[in-house]
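Engineer: The following file, query37.txt, comprises compact mmCIF, C-alpha atoms and all ligand atoms:
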# COMPACT_ATOMS: atom_id res chain seq x y z
CA MET A 1 15.74 -4.25 -6.23
CA GLY A 2 17.56 -7.47 -7.15
CA GLN A 3 15.98 -10.45 -8.88
CA ARG A 4 12.27 -9.88 -9.48
CA ILE A 5 9.85 -12.44 -10.82
CA ASP A 6 7.61 -9.65 -12.07
CA TYR A 7 10.26 -7.25 -13.40
CA SER A 8 8.37 -4.57 -11.51
CA GLU A 9 11.41 -2.34 -11.40
CA SER A 10 11.59 -1.95 -15.19
CA PHE A 11 7.77 -1.85 -15.42
CA TYR A 12 7.48 1.08 -13.01
CA ARG A 13 10.48 2.90 -14.45
CA ARG A 14 8.98 2.65 -17.92
CA HIS A 15 5.43 3.53 -16.89
CA ALA A 16 5.91 6.07 -14.09
CA GLN A 17 4.02 8.87 -15.85
CA ARG A 18 1.24 6.59 -17.06
CA TYR A 19 0.96 5.01 -13.59
CA ALA A 20 0.54 8.45 -12.04
CA GLU A 21 -2.16 9.27 -14.60
CA VAL A 22 -4.04 6.00 -13.99
CA SER A 23 -3.85 6.56 -10.26
CA HIS A 24 -4.82 10.24 -10.26
CA LYS A 25 -7.76 9.62 -12.59
CA TYR A 26 -8.85 6.63 -10.43
CA ILE A 27 -8.91 4.51 -13.61
CA GLN A 28 -8.26 1.22 -11.75
CA SER A 29 -9.94 2.32 -8.56
CA VAL A 30 -13.47 1.02 -9.00
CA TYR A 31 -13.92 -2.28 -7.20
CA SER A 32 -16.11 -5.28 -7.98
CA ASN A 33 -16.96 -8.47 -6.08
CA VAL A 34 -16.71 -6.55 -2.83
CA SER A 35 -17.19 -8.34 0.48
CA HIS A 36 -18.32 -5.17 2.29
CA PRO A 37 -21.10 -2.89 0.97
CA ALA A 38 -19.22 0.29 1.89
CA LEU A 39 -16.18 -0.75 -0.16
CA ARG A 40 -16.56 0.68 -3.65
CA GLY A 41 -13.16 2.10 -4.50
CA ASP A 42 -9.92 3.72 -3.37
CA ALA A 43 -11.72 6.75 -1.95
CA ASP A 44 -13.61 4.57 0.57
CA VAL A 45 -10.36 2.95 1.71
CA MET A 46 -8.78 6.34 2.30
CA GLU A 47 -11.84 7.76 4.02
CA ARG A 48 -11.83 4.89 6.55
CA MET A 49 -8.14 5.40 7.31
CA GLN A 50 -8.87 9.07 7.88
CA GLU A 51 -11.57 8.10 10.38
CA LEU A 52 -9.17 5.80 12.20
CA ALA A 53 -6.35 8.36 12.32
CA PRO A 54 -7.25 11.90 13.39
CA VAL A 55 -6.19 14.86 11.25
CA GLY A 56 -2.64 15.85 12.12
CA SER A 57 -1.53 12.24 12.70
CA ARG A 58 1.85 11.21 11.39
CA GLY A 59 1.75 8.57 8.67
CA LEU A 60 3.86 6.67 6.19
CA ASP A 61 2.71 5.49 2.76
CA ALA A 62 5.01 2.52 2.16
CA GLY A 63 5.28 2.01 -1.61
CA CYS A 64 3.47 5.26 -2.40
CA GLY A 65 3.68 4.73 -6.16
CA ALA A 66 4.32 7.06 -9.08
CA GLY A 67 2.91 10.47 -8.27
CA ALA A 68 2.25 9.62 -4.60
CA ARG A 69 -1.43 10.46 -4.96
CA ASP A 70 -2.38 9.38 -1.46
CA VAL A 71 0.52 11.17 0.22
CA PHE A 72 -0.66 14.34 -1.49
CA LEU A 73 -4.32 13.81 -0.54
CA PHE A 74 -3.53 13.01 3.10
CA TRP A 75 -1.19 16.01 3.29
CA GLN A 76 -3.90 18.21 1.74
CA ALA A 77 -6.34 16.93 4.37
CA GLY A 78 -3.99 18.01 7.17
CA TYR A 79 -1.95 14.87 7.89
CA ASP A 80 1.78 14.80 8.60
CA ILE A 81 2.38 12.10 6.02
CA TYR A 82 5.49 10.81 4.24
CA GLY A 83 5.88 8.42 1.32
CA VAL A 84 8.59 6.05 0.19
CA ASP A 85 8.95 4.01 -2.96
CA ALA A 86 11.76 1.90 -4.38
CA ILE A 87 11.66 3.51 -7.81
CA GLU A 88 13.30 6.88 -8.28
CA GLU A 89 11.13 7.71 -11.32
CA ASN A 90 8.01 7.25 -9.17
CA ILE A 91 9.31 9.73 -6.62
CA GLU A 92 10.38 12.17 -9.34
CA GLU A 93 6.86 11.97 -10.75
CA ALA A 94 5.43 12.76 -7.31
CA ARG A 95 7.68 15.80 -6.99
CA ARG A 96 6.77 16.95 -10.50
CA LEU A 97 3.01 16.63 -9.94
CA HIS A 98 2.99 17.77 -6.32
CA PRO A 99 5.92 20.06 -5.51
CA GLU A 100 4.22 20.84 -2.17
CA ILE A 101 5.14 17.37 -0.89
CA ALA A 102 8.57 17.15 -2.54
CA ARG A 103 10.36 16.79 0.78
CA ARG A 104 7.85 14.29 2.10
CA VAL A 105 8.60 11.62 -0.50
CA SER A 106 11.81 9.66 -0.91
CA VAL A 107 13.34 6.53 -2.37
CA ALA A 108 13.52 3.49 -0.07
CA ASP A 109 13.35 -0.26 -0.54
CA LEU A 110 10.91 -2.02 1.79
CA ARG A 111 13.02 -5.14 1.63
CA GLU A 112 15.45 -3.22 3.86
CA PRO A 113 14.98 -1.75 7.36
CA ILE A 114 12.83 1.40 7.37
CA ASN A 115 14.91 4.45 8.10
CA HIS A 116 12.81 5.69 11.04
CA PRO A 117 13.00 5.02 14.79
CA ASP A 118 10.59 2.68 16.59
CA ALA A 119 7.05 4.00 17.10
CA SER A 120 7.51 6.90 14.63
CA PHE A 121 4.08 6.71 13.01
CA ASP A 122 0.42 6.81 14.04
CA PHE A 123 -0.58 5.07 10.83
CA LEU A 124 1.02 3.24 7.93
CA ILE A 125 -0.50 2.58 4.51
CA CYS A 126 0.77 -0.20 2.28
CA ASN A 127 -1.43 -0.68 -0.80
CA ALA A 128 -0.63 -3.27 -3.43
CA VAL A 129 3.09 -3.36 -2.70
CA ILE A 130 3.94 -6.69 -1.02
CA GLN A 131 2.87 -8.34 -4.29
CA HIS A 132 6.28 -7.19 -5.57
CA ILE A 133 8.31 -8.50 -2.64
CA GLU A 134 9.34 -12.11 -2.10
CA PRO A 135 7.19 -13.75 0.60
CA ASP A 136 10.08 -14.67 2.90
CA ILE A 137 11.17 -11.02 2.94
CA VAL A 138 7.63 -9.74 3.48
CA MET A 139 7.17 -12.06 6.47
CA GLY A 140 10.70 -11.73 7.82
CA ARG A 141 11.49 -8.08 7.23
CA THR A 142 8.76 -5.87 5.72
CA LEU A 143 5.83 -6.65 8.05
CA PRO A 144 8.06 -6.67 11.17
CA GLU A 145 9.39 -3.27 10.13
CA PHE A 146 5.84 -1.95 9.74
CA ALA A 147 5.08 -3.15 13.28
CA ARG A 148 8.28 -1.61 14.62
CA VAL A 149 7.72 1.89 13.21
CA LEU A 150 4.06 2.04 14.25
CA ARG A 151 3.41 3.38 17.73
CA PRO A 152 1.32 1.26 20.12
CA GLY A 153 -2.30 1.93 19.14
CA GLY A 154 -1.20 2.90 15.62
CA VAL A 155 -3.02 1.53 12.58
CA LEU A 156 -1.77 -0.37 9.54
CA GLN A 157 -3.83 -0.29 6.32
CA LEU A 158 -2.74 -3.23 4.20
CA VAL A 159 -3.91 -4.20 0.71
CA PHE A 160 -2.50 -7.28 -1.00
CA LYS A 161 -3.30 -9.58 -3.87
CA VAL A 162 -4.90 -12.78 -2.64
CA GLY A 163 -4.08 -16.32 -3.61
CA LYS A 164 -1.19 -18.74 -3.72
CA GLY A 165 2.06 -18.55 -5.65
CA ILE A 166 2.51 -16.13 -8.53
CA ALA A 167 -0.11 -14.73 -10.93
CA THR A 168 0.58 -13.22 -14.34
CA LEU A 169 -2.14 -10.95 -15.72
CA TYR A 170 -2.51 -8.75 -18.76
CA ASP A 171 -2.95 -5.13 -17.71
CA ARG A 172 -4.74 -3.29 -20.50
CA ASP A 173 -3.98 0.13 -19.04
CA TYR A 174 -0.29 -0.47 -19.75
CA SER A 175 -0.56 -3.05 -22.58
CA ALA A 176 1.70 -5.30 -20.54
CA ASP A 177 1.77 -8.64 -18.75
CA ARG A 178 2.46 -8.21 -15.04
CA SER A 179 3.31 -10.84 -12.44
CA PHE A 180 2.60 -10.66 -8.74
CA HIS A 181 3.28 -12.61 -5.57
CA LEU A 182 -0.04 -13.68 -4.04
CA TYR A 183 -0.67 -14.03 -0.31
CA GLY A 184 -3.20 -15.99 1.69
CA ALA A 185 -5.15 -13.85 4.14
CA ASP A 186 -4.57 -16.47 6.87
CA GLU A 187 -0.80 -16.38 6.58
CA VAL A 188 -0.75 -12.58 6.62
CA LEU A 189 -3.13 -12.42 9.59
CA GLU A 190 -1.08 -14.95 11.52
CA ARG A 191 2.13 -12.99 10.96
CA LEU A 192 0.46 -9.69 11.87
CA SER A 193 -0.88 -11.23 15.05
CA GLU A 194 2.60 -12.48 16.00
CA LEU A 195 3.77 -8.90 15.51
CA GLY A 196 1.04 -7.53 17.80
CA LEU A 197 -1.18 -6.20 15.02
CA HIS A 198 -4.86 -7.13 15.27
CA VAL A 199 -7.55 -6.61 12.68
CA ILE A 200 -10.03 -3.84 13.45
CA PRO A 201 -13.48 -5.43 13.18
CA ALA A 202 -16.33 -4.13 11.06
CA GLU A 203 -18.63 -2.02 13.24
CA HIS A 204 -21.59 0.28 12.55
CA GLY A 205 -21.38 -0.33 8.80
CA LYS A 206 -17.80 1.00 8.64
CA LEU A 207 -15.05 -0.79 6.74
CA GLY A 208 -13.46 -3.39 8.99
CA GLY A 209 -12.61 -7.04 9.37
CA VAL A 210 -10.95 -8.91 6.54
CA MET A 211 -12.39 -7.51 3.31
CA TYR A 212 -12.05 -8.52 -0.33
CA PHE A 213 -12.47 -6.87 -3.71
CA ALA A 214 -11.41 -7.25 -7.33
CA ASP A 215 -9.83 -4.47 -9.35
CA THR A 216 -10.21 -3.83 -13.08
CA LYS A 217 -7.45 -6.24 -14.21
CA PRO A 218 -9.20 -8.21 -12.58
CA ALA A 219 -7.13 -9.31 -9.58
CA ASN A 220 -8.51 -10.28 -6.20
CA HIS A 221 -7.34 -8.24 -3.25
CA CYS A 222 -7.61 -8.35 0.50
CA LEU A 223 -7.92 -5.16 2.56
CA LEU A 224 -7.57 -4.90 6.30
CA TYR A 225 -6.91 -2.32 8.98
CA ALA A 226 -4.92 -3.63 11.94
CA ARG A 227 -4.14 -1.87 15.21
CA LYS A 228 -0.88 -2.36 17.07
CA SER A 229 -1.48 -3.53 20.60
CA GLY A 230 -0.03 -1.82 23.64
C1 LIG B 301 0.87 -1.34 -7.56
S1 LIG B 301 1.90 -0.03 -7.10
C2 LIG B 301 0.97 0.66 -5.76
C3 LIG B 301 1.29 2.08 -5.51
C4 LIG B 301 0.43 2.76 -4.44
N1 LIG B 301 0.60 2.15 -3.15
C5 LIG B 301 -1.03 2.73 -4.84
O1 LIG B 301 -1.83 2.15 -4.13
O2 LIG B 301 -1.36 3.30 -5.89
C6 LIG B 301 3.23 -0.83 -6.27
C7 LIG B 301 4.33 0.12 -5.84
O3 LIG B 301 5.22 -0.58 -4.98
C8 LIG B 301 6.53 -0.14 -5.26
N2 LIG B 301 7.49 -1.16 -4.78
C9 LIG B 301 7.67 -2.39 -5.28
N3 LIG B 301 8.62 -3.03 -4.58
C10 LIG B 301 9.04 -2.16 -3.61
C11 LIG B 301 10.00 -2.24 -2.58
N4 LIG B 301 10.74 -3.32 -2.39
N5 LIG B 301 10.17 -1.18 -1.78
C12 LIG B 301 9.43 -0.05 -1.97
N6 LIG B 301 8.50 0.08 -2.93
C13 LIG B 301 8.30 -0.97 -3.75
C14 LIG B 301 6.54 0.03 -6.75
O4 LIG B 301 7.62 0.84 -7.17
C15 LIG B 301 5.18 0.65 -6.99
O5 LIG B 301 5.22 2.05 -6.93
Since I need it in another form, could you write the structure as structure tokens?
Ligand SMILES: C[S@@+](CC[C@H](N)C(=O)[O-])C[C@H]1O[C@@H](n2cnc3c(N)ncnc32)[C@H](O)[C@@H]1O
Structural biologist:
Amino acid sequence: MGQRIDYSESFYRRHAQRYAEVSHKYIQSVYSNVSHPALRGDADVMERMQELAPVGSRGLDAGCGAGARDVFLFWQAGYDIYGVDAIEENIEEARRLHPEIARRVSVADLREPINHPDASFDFLICNAVIQHIEPDIVMGRTLPEFARVLRPGGVLQLVFKVGKGIATLYDRDYSADRSFHLYGADEVLERLSELGLHVIPAEHGKLGGVMYFADTKPANHCLLYARKSG
């Protein structure tokens, strides 16, 4: 994974089991300072994606994390979902915890082209991952690849840490300082729009539009669902 300002590679390698535990117990998944009343935690984010993509849809969780919790939950709910993550230990942890999805998860670096043909997926999830990728690569490679592998009408769920530059925070769940690339919602929205991805608005009280929340670190995040035109 090359030069990393946040040393995320060694962080995730060292903490793969703990990360899976934190994720599966939803320890960091209760949100505060939410911009939308229906946005309380990870479960709400997943539920909305499952409304936007019918059961049986084919999806990709890009940066699925140690244990691949969401790949497992989507698969359990009847989705044809796959997960990739750059860290082998994270994928091994997913296979250990969830042998049922062992062949659905694999190692891949989102700084490189995604190893799937155009229009392969009905939906793509990318939660708290671009914070680990240099902005020029996110804008020039990662987001364009997301747009390429989504089919027209497909939906991207994107969560990213909001702000400018780099933030370093103490994460008490790992007793470690962690650094992240921050992104402005405007710059992300502009790039998505250039790529033919348009934010799904908030309607009928459902999650939609450009939403914000803080996690337990606390770090401010932006959440959006965007549909590929065509
Ligand atoms: C904060 S975790 C989020 C995991 C999961 N999406 C979730 O919401 O729980 C960030 C994940 O991104 C992965 N990651 C970081 N850089 C990556 C890259 N270049 N390609 C693929 N995965 C990457 C890390 O290994 C880690 O599992």
Engineer: Considering all atoms listed in the file, can you say which of A:Gly78, A:Gly65, A:Pro99, A:Pro117 comes closest to His15 (chain A)?
Structural biologist: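 Ranked by minimum distance to His15 (chain A), first place goes to A:Gly65.
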Engineer: Around all listed atoms of ligand LIG 301 (chain B), padded 5 Å per side, what centre and edge lengths does the axis-aligned box have in Å to one decimal, as JSON?
Structural biologist:
{"center_x": 4.5, "center_y": 0.0, "center_z": -4.7, "size_x": 22.6, "size_y": 16.6, "size_z": 15.8}
Engineer: What do you get as a PyMOL selection string if you pick all residues at most 9 Å from ligand LIG 301 (chain B), counting all atoms listed in the file?
Structural biologist: chain A and resi 1+8-9+11-13+16+19-20+22-24+42+61-70+84-91+107-112+125-134+142+159
Engineer: Rounded to one decimal, what separation in Å do you get between CA of Arg95 (chain A) and CA of Phe72 (chain A)?
Structural biologist: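 CA of Phe72 (chain A) lies 10.1 Å from CA of Arg95 (chain A).
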Engineer: Between A:Leu73, A:Ala176, A:Tyr225, A:Glu203, which one has atoms that come closest to Leu189 (chain A), using only C-alpha atoms?
Structural biologist: A:Tyr225
Engineer: Could you check the closest approach to Val71 (chain A) for each of A:Ala119, A:Leu207, A:Leu124, A:Leu39 and tell me which residue wins, using all atoms listed in the file?
Structural biologist: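 The closest residue to Val71 (chain A) is A:Leu124.
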Engineer: Ranking A:Arg14, A:Arg151, A:Arg227, A:Arg141 by minimum distance to Met49 (chain A) and counting all atoms listed in the file, which one comes first?
Structural biologist: A:Arg227
Engineer: Around (-18.3, -10.4, -1.1), as given in the file, which residues come within 10 Å? Count all atoms listed in the file and list them as a list in words.
Structural biologist: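 With a cut-off of 10 Å, the residues come to Ser32, Asn33, Val34, Ser35, His36, Pro37, Leu39, Met211, Tyr212, Phe213 and Ala214 of chain A.
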Engineer: Measuring atom to atom with only C-alpha atoms, identify which of A:Arg148, A:Arg104, A:His204, A:Lys217 is nearest to Ser175 (chain A).
Structural biologist: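 Checking each of A:Arg148, A:Arg104, A:His204, A:Lys217 against Ser175 (chain A), counting only C-alpha atoms, the winner is A:Lys217.
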